[in-house]
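Trainee: Sending over a structure as structure tokens; questions will come in a sec.
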Amino acid sequence: MPTLLEVSGVSVTFDGYKAIRNLSFQIGESEMRAIIGPNGAGKTTFMDIVTGKTKPDEGRVIWGEKSINLLKMNEARIAQAGIGRKFQRPTVFEDQTVHANLLMALKNPRASFSCLFYKPSFKDLGRVEQLASEVGLSDALMRTSGELSHGQKQWLEIGMLLAQEPRLLLVDEPAAGMTLAEREHTTDLLKEAAKTRAVVVVEHDMEFVRRLECKVTVLHEGSVLAEGSLDHVTANPKVIEVYLGR
Amino acid sequence: MRRSFIARNPSILVFLACLALFTLAITLMSEATGAGLISTSFVKTLGKTLCLCLVAVAMDIVWGYCGILSLGHFAFFGLGGYMVGMWLMYARTEIIVAGSLANSPIPPTPGEITDAIGSQIFGVVGSSDFPPIWYFAHSFWAQMALVVIVPGILALVFGWLAFRSRVTGVYLSILTQAMTLALSLYLFQNESGLRGNNGLSGLQNLPGVKAGQDDISMWFFWGSAFALALGYLVCAWVVSGKFGSVVRGIRDDEARVRFLGYSVEGYKLFIFTFTAIIAAIAGALYYPQAGIINPGEVAPIASIYLAVWVAIGGRGRLYGAVIGAALVSLVSTWFTGGGVPSIPLGFYTIDWVDWWLVLLGLSFVLVTLFAPKGIGGLVDLITDRIAPNRHGADYGPDKGALREGEGRK
């Protein structure tokens with residue numbers, strides 16, 4: 001499988017604290033990967049680096065067939081290149097309807113003038129409805145997203161991510177604060193998405209990770225401690241010591 | 001699912017109908033075209049108020065919709081006024097000078113006329129030469145283009161510098177205040193070429209027009225009403241649809257908009273420049289009715305008033321800005337014009353000319369604390385808009401984000 005994203009030798013320091021040290025990571029084109037690790041292992045910082053929010057002190061982040069250097073691009077350009085991100089806390093535009101949220105995320109020209117004169121085509125409207133039904137929000141299309149439940153907001157955000165048609169999805173703790181039924185729905189959504197694109201899930205919850213049935217990367221103190229199937233890494237004594245043993 | 005633009009925003013029709021009725025009523029009551037129930041100076045006050053409503057609409061776009069608390073939009077308003085004032089002064093002085101020189105034994109050369117205009121205009125600051133910035137003042141069309149170009153370019157350059165460094169929130173507000181202060185101080189200097197603290201005067205006289213002030217005041221009143229209607233429509237259109245979604249997204253959570261792939265800086269720059277141009281056009285209509293413009297008009301306090309109007313009227317809804325600007329500026333005229341009787345307390349007399357600002361400040365604080373929707377929120381009583389219950393949470397993490405009380409369910 002060709003590599004989609006390659007992170008190599010990345011380090012970043014915040015006020016003398018090394019959040020990421022010499023981290024290397026690769027993911028293929030349609031692969032699901034879970035990243036686990038204790039608090040402060042650098043999971044969110046890793047996502048910040050890939051999406052352009054944080055610039056690393058050293059290292060390389062290479063993207064796609066053309067081996068584009070992501071470190072030279074800003075957040076918006078990285079998102080346009082095909083990296084979508086879901087935050088830990090559900091972040092949707094709460095003042096606006098589910099429909100408006102999805103329409104905004106839909107893959108279309110992002111420049112201000114093309115947005116100003118944008119008229120939603122039947123294809124776009126159909127796509128919005130299709131996405132809404134995928135994430136189970138068909139009945140809520142015209143509701144203000146601020147009044148959705150926590151789980152629904154999470155799904156709306158996943159729907160927005162899918163609407164962007166990214167080639168890589170970065171998902172930060174999607175199951176946090178969800179009920180069991182909601183978790184199962186979320187797992188299905190992510191597994192479905194991973195059939196056509198790469199998905200990286202950062203998660204604390206072992207049960208959730210187990211249900212994803214994918215390769216796992218364990219982070220500790222800003223670098224990779226172990227990598228492999230969930231059973232493989234949970235049998236690793238170092239992993240047990242730093243993470244599972246607690 | 002997609003209805004027409006007007007059908008989706010019924011408030012636009014209501015607003016335009018109200019404005020048309022108001023314009024008609026004033027037309028029928030004025031001295032020039034109607035029964036003469038209201039004085040020409042009051043028609044001018046109302047015309048000026050319409051211009052203030054237009055700049056408030058612009059302020060609402062930049063603050064209420066995009067979350068940028070700009071405390072500098074009155075600088076663009078003033079610049080628009082200066083640009084139109086330069087042509088008005090030049091053209092009128094030219095007619096007077098040409099008239100007086102025509103009686104001289106030798107016909108004057110064009111150069112002599114220009115010199116005479118120069119000494120007429122700049123005599124008050126001890127100069128008689130035209131500064132380079134007056135290069136286009138003789139041409140009506142060039143100077144009208146400058147009404148849009150000069151404030152537009154200032155906003156574009158300032159905005160580009162500020163937004164690309166990702167200055168946001170209160171720091172951006174301070175920066176815009178600094179810009180306004182700098183512009184005001186610059187204009188106060190005689191060397192600025194705009195007659196220092198004398199400003200430009202006699203702007204109420206239209207060169208080459210025989211009609212009296214009664215008629216001219218009506219023309220400007222109609223022009224201001226038309227500009228407000230058009231500006232309101234364009235602004236409402238800009239913030240509807242996907243562009244509006246993105247702009248409101250920037251107000252509530254600009255980081256999220258960035259991760260959706262939108263260039264937040266580009267959008268902010270668009271909104272900042274667009275509203276600066278609207279402010280400039282409003283200013284260009286205002287100052288011929290005021291008759292005079294001086295650097296005091298561009299002082300930082302004016303831009304703060306603008307934010308106060310929008311806050312009192314109701315942020316994030318365009319008619320709210322209009323209501324706020326109209327009400328506060330008219331009431332302000334009434335209070336500061338000595339229209340309100342003083343209150344003798346025995347030991348002290350409350351003179352409203354002095355105490356009006358205290359009253360205004362107090363109402364601003366009260367509205368912000370207890371009625372975040374402002375006066376425009378009263379409209380919700382007759383529509384089906386219900387206040388949300390978000391347990392006090394704002395609509396997003398950013399400083400300018402919609403607050404709970406401002407939202408709709």
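Residue names in the structure tokens use chain letters A, B, ... in the order shown, residue numbers from 1 in each chain, and ligand numbers from 1 in the order shown.
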Could you list the residues in chain B lying within 9 Å of chain A, using only C-alpha atoms, and format the result as a PyMOL selection string?
Mentor: chain B and resi 1-2+237-246+248-249+252-253+255-264+266-267+270+388-390+395-396+402+407-409
Trainee: I'd like to know which residues of range 56-282 of chain B are helix (DSSP H, G or I) (by DSSP, run on the backbone); could you write them as a ChimeraX atom specification?
Mentor: /B:56-65,73-101,110-125,132-134,140-164,169-188,190-192,196-198,213-238,241-259,264-282
Trainee: Would you mind reading off the distance between CA of Leu269 in chain B and CA of Gly159 in chain B, one decimal, in Å?
Mentor: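 Taking CA of Leu269 in chain B and CA of Gly159 in chain B, their separation equals 5.6 Å.
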Trainee: Would you pick out the contacts of range 140-156 of chain B at 8 Å or less, using only C-alpha atoms, so that residues sharing its chain but fewer than 3 positions from it are not included, and give the list as an NGL selection string?
Mentor: :B and (76 or 79-81 or 83-84 or 86-87 or 136-137 or 159-160 or 269 or 272-274 or 276-277 or 280-281 or 284)
Trainee: Create the file for the chosen residues now, containing N, CA and C atoms and written as an mmCIF file, in the first residue's frame.
Mentor:
data_model
loop_
_atom_site.group_PDB
_atom_site.id
_atom_site.type_symbol
_atom_site.label_atom_id
_atom_site.label_comp_id
_atom_site.auth_asym_id
_atom_site.auth_seq_id
_atom_site.Cartn_x
_atom_site.Cartn_y
_atom_site.Cartn_z
ATOM 1 N N PHE B 76 -12.888 55.600 8.279
ATOM 2 C CA PHE B 76 -13.215 55.425 6.858
ATOM 3 C C PHE B 76 -14.383 56.338 6.477
ATOM 4 N N LEU B 79 -12.899 59.746 6.130
ATOM 5 C CA LEU B 79 -12.095 59.851 4.900
ATOM 6 C C LEU B 79 -12.998 60.028 3.682
ATOM 7 N N GLY B 80 -14.103 59.292 3.658
ATOM 8 C CA GLY B 80 -15.064 59.453 2.564
ATOM 9 C C GLY B 80 -15.561 60.891 2.512
ATOM 10 N N GLY B 81 -15.829 61.455 3.696
ATOM 11 C CA GLY B 81 -16.276 62.838 3.774
ATOM 12 C C GLY B 81 -15.222 63.810 3.267
ATOM 13 N N MET B 83 -12.893 63.220 1.110
ATOM 14 C CA MET B 83 -12.719 63.075 -0.338
ATOM 15 C C MET B 83 -13.785 63.874 -1.090
ATOM 16 N N VAL B 84 -15.030 63.767 -0.627
ATOM 17 C CA VAL B 84 -16.092 64.503 -1.312
ATOM 18 C C VAL B 84 -15.954 66.002 -1.004
ATOM 19 N N MET B 86 -13.252 67.747 -0.633
ATOM 20 C CA MET B 86 -12.208 68.377 -1.448
ATOM 21 C C MET B 86 -12.789 68.862 -2.776
ATOM 22 N N TRP B 87 -13.594 68.013 -3.405
ATOM 23 C CA TRP B 87 -14.178 68.441 -4.680
ATOM 24 C C TRP B 87 -15.153 69.595 -4.462
ATOM 25 N N PHE B 136 -6.464 65.668 -7.843
ATOM 26 C CA PHE B 136 -7.674 65.299 -8.581
ATOM 27 C C PHE B 136 -8.890 66.138 -8.179
ATOM 28 N N ALA B 137 -8.681 67.106 -7.260
ATOM 29 C CA ALA B 137 -9.836 67.789 -6.664
ATOM 30 C C ALA B 137 -10.695 68.512 -7.688
ATOM 31 N N GLY B 159 -5.755 46.021 7.086
ATOM 32 C CA GLY B 159 -6.309 44.705 7.365
ATOM 33 C C GLY B 159 -5.337 43.592 7.019
ATOM 34 N N TRP B 160 -4.664 43.753 5.894
ATOM 35 C CA TRP B 160 -3.718 42.714 5.478
ATOM 36 C C TRP B 160 -2.631 42.556 6.528
ATOM 37 N N LEU B 269 -10.295 40.019 5.562
ATOM 38 C CA LEU B 269 -9.844 41.166 4.772
ATOM 39 C C LEU B 269 -10.963 41.633 3.849
ATOM 40 N N PHE B 272 -13.566 43.414 6.050
ATOM 41 C CA PHE B 272 -13.048 44.679 6.579
ATOM 42 C C PHE B 272 -13.033 45.750 5.488
ATOM 43 N N THR B 273 -12.539 45.385 4.308
ATOM 44 C CA THR B 273 -12.445 46.352 3.217
ATOM 45 C C THR B 273 -13.829 46.713 2.690
ATOM 46 N N PHE B 274 -14.664 45.716 2.532
ATOM 47 C CA PHE B 274 -16.025 45.930 2.041
ATOM 48 C C PHE B 274 -16.786 46.897 2.953
ATOM 49 N N ALA B 276 -15.455 49.005 5.065
ATOM 50 C CA ALA B 276 -14.799 50.317 5.046
ATOM 51 C C ALA B 276 -15.322 51.133 3.876
ATOM 52 N N ILE B 277 -15.537 50.489 2.744
ATOM 53 C CA ILE B 277 -16.030 51.196 1.563
ATOM 54 C C ILE B 277 -17.464 51.682 1.795
ATOM 55 N N ALA B 280 -17.280 54.649 3.952
ATOM 56 C CA ALA B 280 -16.811 55.816 3.220
ATOM 57 C C ALA B 280 -17.934 56.435 2.395
ATOM 58 N N ILE B 281 -18.737 55.594 1.783
ATOM 59 C CA ILE B 281 -19.856 56.119 0.979
ATOM 60 C C ILE B 281 -20.852 56.832 1.899
ATOM 61 N N ALA B 284 -19.431 60.133 2.676
ATOM 62 C CA ALA B 284 -19.479 61.049 1.539
ATOM 63 C C ALA B 284 -20.866 61.665 1.394
#
Trainee: Measuring between only C-alpha atoms, which one of B:Ala102, B:Ala56, B:Leu228, B:Ile61 shows the shortest distance to Ala20 in chain B?
Mentor: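 The answer is B:Leu228, which sits nearest to Ala20 in chain B.
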Trainee: Need to verify the contact set: Glu31 in chain B, 10 Å, only C-alpha atoms, exclusion of same-chain residues closer than 2 positions in sequence. Can you return it as a PDB file with C-alpha atoms, in the first residue's frame?
Mentor:
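The file below, result.pdb, is the result:
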ATOM      1  CA  ILE B  26     -40.721  63.235   5.440  1.00  0.00           C
ATOM      2  CA  THR B  27     -41.084  64.229   1.788  1.00  0.00           C
ATOM      3  CA  LEU B  28     -44.713  65.172   2.382  1.00  0.00           C
ATOM      4  CA  MET B  29     -43.882  67.136   5.510  1.00  0.00           C
ATOM      5  CA  THR B  33     -41.729  69.301  -1.323  1.00  0.00           C
ATOM      6  CA  GLY B  34     -44.551  69.135   1.175  1.00  0.00           C
ATOM      7  CA  ALA B  35     -46.602  70.883   3.769  1.00  0.00           C
ATOM      8  CA  GLY B  36     -43.658  72.545   5.503  1.00  0.00           C
ATOM      9  CA  LEU B  37     -44.308  70.916   8.841  1.00  0.00           C
ATOM     10  CA  ILE B  38     -40.642  70.195   9.516  1.00  0.00           C
ATOM     11  CA  SER B  39     -37.742  72.554   9.120  1.00  0.00           C
ATOM     12  CA  THR B  40     -34.950  72.169   6.586  1.00  0.00           C
ATOM     13  CA  VAL B  43     -34.549  67.258   7.289  1.00  0.00           C
ATOM     14  CA  ASP B 214     -34.564  73.479   1.159  1.00  0.00           C
ATOM     15  CA  ASP B 215     -34.304  71.552  -2.074  1.00  0.00           C
ATOM     16  CA  SER B 217     -31.508  68.999   1.787  1.00  0.00           C
ATOM     17  CA  MET B 218     -34.298  66.923   0.246  1.00  0.00           C
TER      18      MET B 218
END
Trainee: Set the distance at 10 Å and use only C-alpha atoms: which residues neighbour Gly324 in chain B once local chain neighbours fewer than 3 positions away are removed? I'd like the list as a ChimeraX atom specification.
Mentor: /B:52-53,56-57,306-315,319-321,327-330,374-376
Trainee: For N, CA and C atoms, I'd like the residues from the last selection saved as a PDB file, in the first residue's frame.
Mentor:
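Okay, part.pdb is ready:
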ATOM      1  N   LEU B  52     -25.733  57.674   9.148  1.00  0.00           N
ATOM      2  CA  LEU B  52     -25.189  57.001  10.329  1.00  0.00           C
ATOM      3  C   LEU B  52     -25.733  55.573  10.417  1.00  0.00           C
ATOM      4  N   CYS B  53     -26.996  55.397   9.991  1.00  0.00           N
ATOM      5  CA  CYS B  53     -27.563  54.046   9.982  1.00  0.00           C
ATOM      6  C   CYS B  53     -26.786  53.155   9.012  1.00  0.00           C
ATOM      7  N   ALA B  56     -23.608  52.155  10.500  1.00  0.00           N
ATOM      8  CA  ALA B  56     -23.869  51.172  11.565  1.00  0.00           C
ATOM      9  C   ALA B  56     -24.120  49.784  10.980  1.00  0.00           C
ATOM     10  N   VAL B  57     -24.789  49.741   9.819  1.00  0.00           N
ATOM     11  CA  VAL B  57     -24.986  48.449   9.149  1.00  0.00           C
ATOM     12  C   VAL B  57     -23.630  47.833   8.811  1.00  0.00           C
ATOM     13  N   LEU B 306     -19.959  54.253  17.445  1.00  0.00           N
ATOM     14  CA  LEU B 306     -20.497  53.353  16.434  1.00  0.00           C
ATOM     15  C   LEU B 306     -20.748  51.962  17.033  1.00  0.00           C
ATOM     16  N   ALA B 307     -19.758  51.480  17.784  1.00  0.00           N
ATOM     17  CA  ALA B 307     -19.913  50.165  18.426  1.00  0.00           C
ATOM     18  C   ALA B 307     -21.047  50.211  19.446  1.00  0.00           C
ATOM     19  N   VAL B 308     -21.176  51.344  20.153  1.00  0.00           N
ATOM     20  CA  VAL B 308     -22.243  51.480  21.157  1.00  0.00           C
ATOM     21  C   VAL B 308     -23.608  51.423  20.480  1.00  0.00           C
ATOM     22  N   TRP B 309     -23.747  52.121  19.341  1.00  0.00           N
ATOM     23  CA  TRP B 309     -25.030  52.085  18.624  1.00  0.00           C
ATOM     24  C   TRP B 309     -25.404  50.659  18.267  1.00  0.00           C
ATOM     25  N   VAL B 310     -24.429  49.943  17.705  1.00  0.00           N
ATOM     26  CA  VAL B 310     -24.729  48.581  17.249  1.00  0.00           C
ATOM     27  C   VAL B 310     -25.069  47.692  18.448  1.00  0.00           C
ATOM     28  N   ALA B 311     -24.357  47.875  19.552  1.00  0.00           N
ATOM     29  CA  ALA B 311     -24.631  47.055  20.735  1.00  0.00           C
ATOM     30  C   ALA B 311     -26.017  47.355  21.285  1.00  0.00           C
ATOM     31  N   ILE B 312     -26.376  48.646  21.345  1.00  0.00           N
ATOM     32  CA  ILE B 312     -27.690  49.010  21.885  1.00  0.00           C
ATOM     33  C   ILE B 312     -28.799  48.543  20.948  1.00  0.00           C
ATOM     34  N   GLY B 313     -28.554  48.632  19.653  1.00  0.00           N
ATOM     35  CA  GLY B 313     -29.577  48.229  18.687  1.00  0.00           C
ATOM     36  C   GLY B 313     -29.721  46.726  18.572  1.00  0.00           C
ATOM     37  N   GLY B 314     -28.645  46.008  18.838  1.00  0.00           N
ATOM     38  CA  GLY B 314     -28.703  44.546  18.719  1.00  0.00           C
ATOM     39  C   GLY B 314     -27.728  44.059  17.673  1.00  0.00           C
ATOM     40  N   ARG B 315     -26.672  43.399  18.156  1.00  0.00           N
ATOM     41  CA  ARG B 315     -25.607  42.925  17.277  1.00  0.00           C
ATOM     42  C   ARG B 315     -26.078  41.710  16.485  1.00  0.00           C
ATOM     43  N   TYR B 319     -31.175  45.091  10.988  1.00  0.00           N
ATOM     44  CA  TYR B 319     -32.129  46.136  11.371  1.00  0.00           C
ATOM     45  C   TYR B 319     -31.838  46.639  12.775  1.00  0.00           C
ATOM     46  N   GLY B 320     -31.251  45.787  13.601  1.00  0.00           N
ATOM     47  CA  GLY B 320     -30.853  46.214  14.945  1.00  0.00           C
ATOM     48  C   GLY B 320     -29.869  47.363  14.888  1.00  0.00           C
ATOM     49  N   ALA B 321     -28.887  47.244  13.987  1.00  0.00           N
ATOM     50  CA  ALA B 321     -27.894  48.310  13.844  1.00  0.00           C
ATOM     51  C   ALA B 321     -28.569  49.603  13.421  1.00  0.00           C
ATOM     52  N   LEU B 327     -31.897  55.671  16.721  1.00  0.00           N
ATOM     53  CA  LEU B 327     -32.428  56.063  18.019  1.00  0.00           C
ATOM     54  C   LEU B 327     -31.383  56.829  18.833  1.00  0.00           C
ATOM     55  N   VAL B 328     -30.191  56.235  18.975  1.00  0.00           N
ATOM     56  CA  VAL B 328     -29.205  56.848  19.856  1.00  0.00           C
ATOM     57  C   VAL B 328     -28.747  58.194  19.291  1.00  0.00           C
ATOM     58  N   SER B 329     -28.540  58.285  17.978  1.00  0.00           N
ATOM     59  CA  SER B 329     -28.037  59.561  17.477  1.00  0.00           C
ATOM     60  C   SER B 329     -29.116  60.638  17.534  1.00  0.00           C
ATOM     61  N   LEU B 330     -30.373  60.273  17.299  1.00  0.00           N
ATOM     62  CA  LEU B 330     -31.445  61.275  17.393  1.00  0.00           C
ATOM     63  C   LEU B 330     -31.659  61.718  18.844  1.00  0.00           C
ATOM     64  N   GLY B 374     -30.320  43.655  22.598  1.00  0.00           N
ATOM     65  CA  GLY B 374     -30.517  45.060  22.302  1.00  0.00           C
ATOM     66  C   GLY B 374     -31.966  45.380  21.974  1.00  0.00           C
ATOM     67  N   ILE B 375     -32.163  46.596  21.432  1.00  0.00           N
ATOM     68  CA  ILE B 375     -33.531  47.014  21.117  1.00  0.00           C
ATOM     69  C   ILE B 375     -34.117  46.135  20.017  1.00  0.00           C
ATOM     70  N   GLY B 376     -33.267  45.707  19.089  1.00  0.00           N
ATOM     71  CA  GLY B 376     -33.741  44.842  18.009  1.00  0.00           C
ATOM     72  C   GLY B 376     -34.357  43.562  18.538  1.00  0.00           C
TER      73      GLY B 376
END
Trainee: Where does DSSP see strand (DSSP E or B) in range 16-144 of chain A, if you list the residues as a ChimeraX atom specification?
Mentor: /A:17-28,32-36,58-63,68-69,83-86,97,144
Trainee: Write a file of the selected residues as a PDB file, in the first residue's frame, keeping C-alpha atoms.
Mentor:
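Saved result, selection.pdb, follows:
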ATOM      1  CA  TYR A  17       9.176  20.854  27.546  1.00  0.00           C
ATOM      2  CA  LYS A  18       9.711  18.307  24.775  1.00  0.00           C
ATOM      3  CA  ALA A  19       6.183  17.417  23.720  1.00  0.00           C
ATOM      4  CA  ILE A  20       7.303  15.396  20.695  1.00  0.00           C
ATOM      5  CA  ARG A  21      10.749  13.813  20.423  1.00  0.00           C
ATOM      6  CA  ASN A  22      12.008  12.326  17.206  1.00  0.00           C
ATOM      7  CA  LEU A  23       8.591  10.994  16.248  1.00  0.00           C
ATOM      8  CA  SER A  24       8.237   8.944  13.075  1.00  0.00           C
ATOM      9  CA  PHE A  25       4.937   7.727  11.747  1.00  0.00           C
ATOM     10  CA  GLN A  26       3.525   6.473   8.447  1.00  0.00           C
ATOM     11  CA  ILE A  27       0.071   5.730   7.198  1.00  0.00           C
ATOM     12  CA  GLY A  28      -1.097   4.168   3.941  1.00  0.00           C
ATOM     13  CA  MET A  32      -7.312   2.726   9.800  1.00  0.00           C
ATOM     14  CA  ARG A  33      -4.921   3.457  12.643  1.00  0.00           C
ATOM     15  CA  ALA A  34      -5.544   4.005  16.316  1.00  0.00           C
ATOM     16  CA  ILE A  35      -3.135   6.046  18.400  1.00  0.00           C
ATOM     17  CA  ILE A  36      -3.190   5.410  22.117  1.00  0.00           C
ATOM     18  CA  GLU A  58      12.828  19.802  13.332  1.00  0.00           C
ATOM     19  CA  GLY A  59      11.724  16.895  11.195  1.00  0.00           C
ATOM     20  CA  ARG A  60       9.731  16.376   8.007  1.00  0.00           C
ATOM     21  CA  VAL A  61       6.064  15.872   7.233  1.00  0.00           C
ATOM     22  CA  ILE A  62       5.565  14.585   3.702  1.00  0.00           C
ATOM     23  CA  TRP A  63       2.165  14.195   2.031  1.00  0.00           C
ATOM     24  CA  ILE A  68       4.502  17.706  -0.668  1.00  0.00           C
ATOM     25  CA  ASN A  69       6.121  19.256   2.393  1.00  0.00           C
ATOM     26  CA  ILE A  83      -6.489  16.387   5.582  1.00  0.00           C
ATOM     27  CA  GLY A  84      -9.594  16.662   7.722  1.00  0.00           C
ATOM     28  CA  ARG A  85      -9.588  16.977  11.458  1.00  0.00           C
ATOM     29  CA  LYS A  86     -12.132  16.303  14.167  1.00  0.00           C
ATOM     30  CA  THR A  97     -28.342  24.762  11.005  1.00  0.00           C
ATOM     31  CA  THR A 144     -29.785  24.717  14.816  1.00  0.00           C
TER      32      THR A 144
END
Trainee: Give the answer as one residue: which of A:Thr54, A:Asn39, A:Thr13, A:Ser30 has the shortest atom-to-atom distance to Lys191 in chain A, using only C-alpha atoms?
Mentor: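 That would be A:Ser30, the residue with the smallest distance to Lys191 in chain A.
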Trainee: My list of candidates is B:Ala211, B:Leu13, B:Ile133, B:Val353. Which is closest to Glu191 in chain B when distances are computed with only C-alpha atoms?
Mentor: B:Ile133
Trainee: Could you tell me how far CA of Trp352 in chain B lies from CA of Phe335 in chain B, in Å and to one decimal?
Mentor: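 These atoms are spaced 6.0 Å apart.
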Trainee: Please compute the CA of Ala41 in chain A-CA of Gln154 in chain A distance, one decimal, in Å.
Mentor: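 Computing the Euclidean distance for CA of Ala41 in chain A and CA of Gln154 in chain A yields 23.7 Å.
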Trainee: Using only C-alpha atoms, which protein or nucleic acid residues come within 6 Å of range 200-208 of chain B? Drop anything in the same chain fewer than 2 positions from it, and give the result as number ranges by chain.
Mentor: B: 88, 91-92, 288-289, 291-293
Trainee: Would you output that residue set with C-alpha atoms, as a compact mmCIF listing (two decimals), in the first residue's frame?
Mentor:
# COMPACT_ATOMS: atom_id res chain seq x y z
CA LEU B 88 -17.01 70.51 -3.19
CA ALA B 91 -15.41 73.49 -7.38
CA ARG B 92 -17.27 76.13 -5.40
CA PRO B 288 -22.35 67.63 2.50
CA GLN B 289 -25.39 67.66 4.79
CA GLY B 291 -21.62 71.32 5.85
CA ILE B 292 -18.25 70.92 7.57
CA ILE B 293 -15.73 68.22 8.29
Trainee: Using only C-alpha atoms, which protein or nucleic acid residues come within 10 Å of range 69-72 of chain B? Drop anything in the same chain fewer than 5 positions from it, and give the result as number ranges by chain.
Mentor: B: 59-60, 62-64, 77, 155, 168-181, 183, 272, 276, 298-307, 399-400
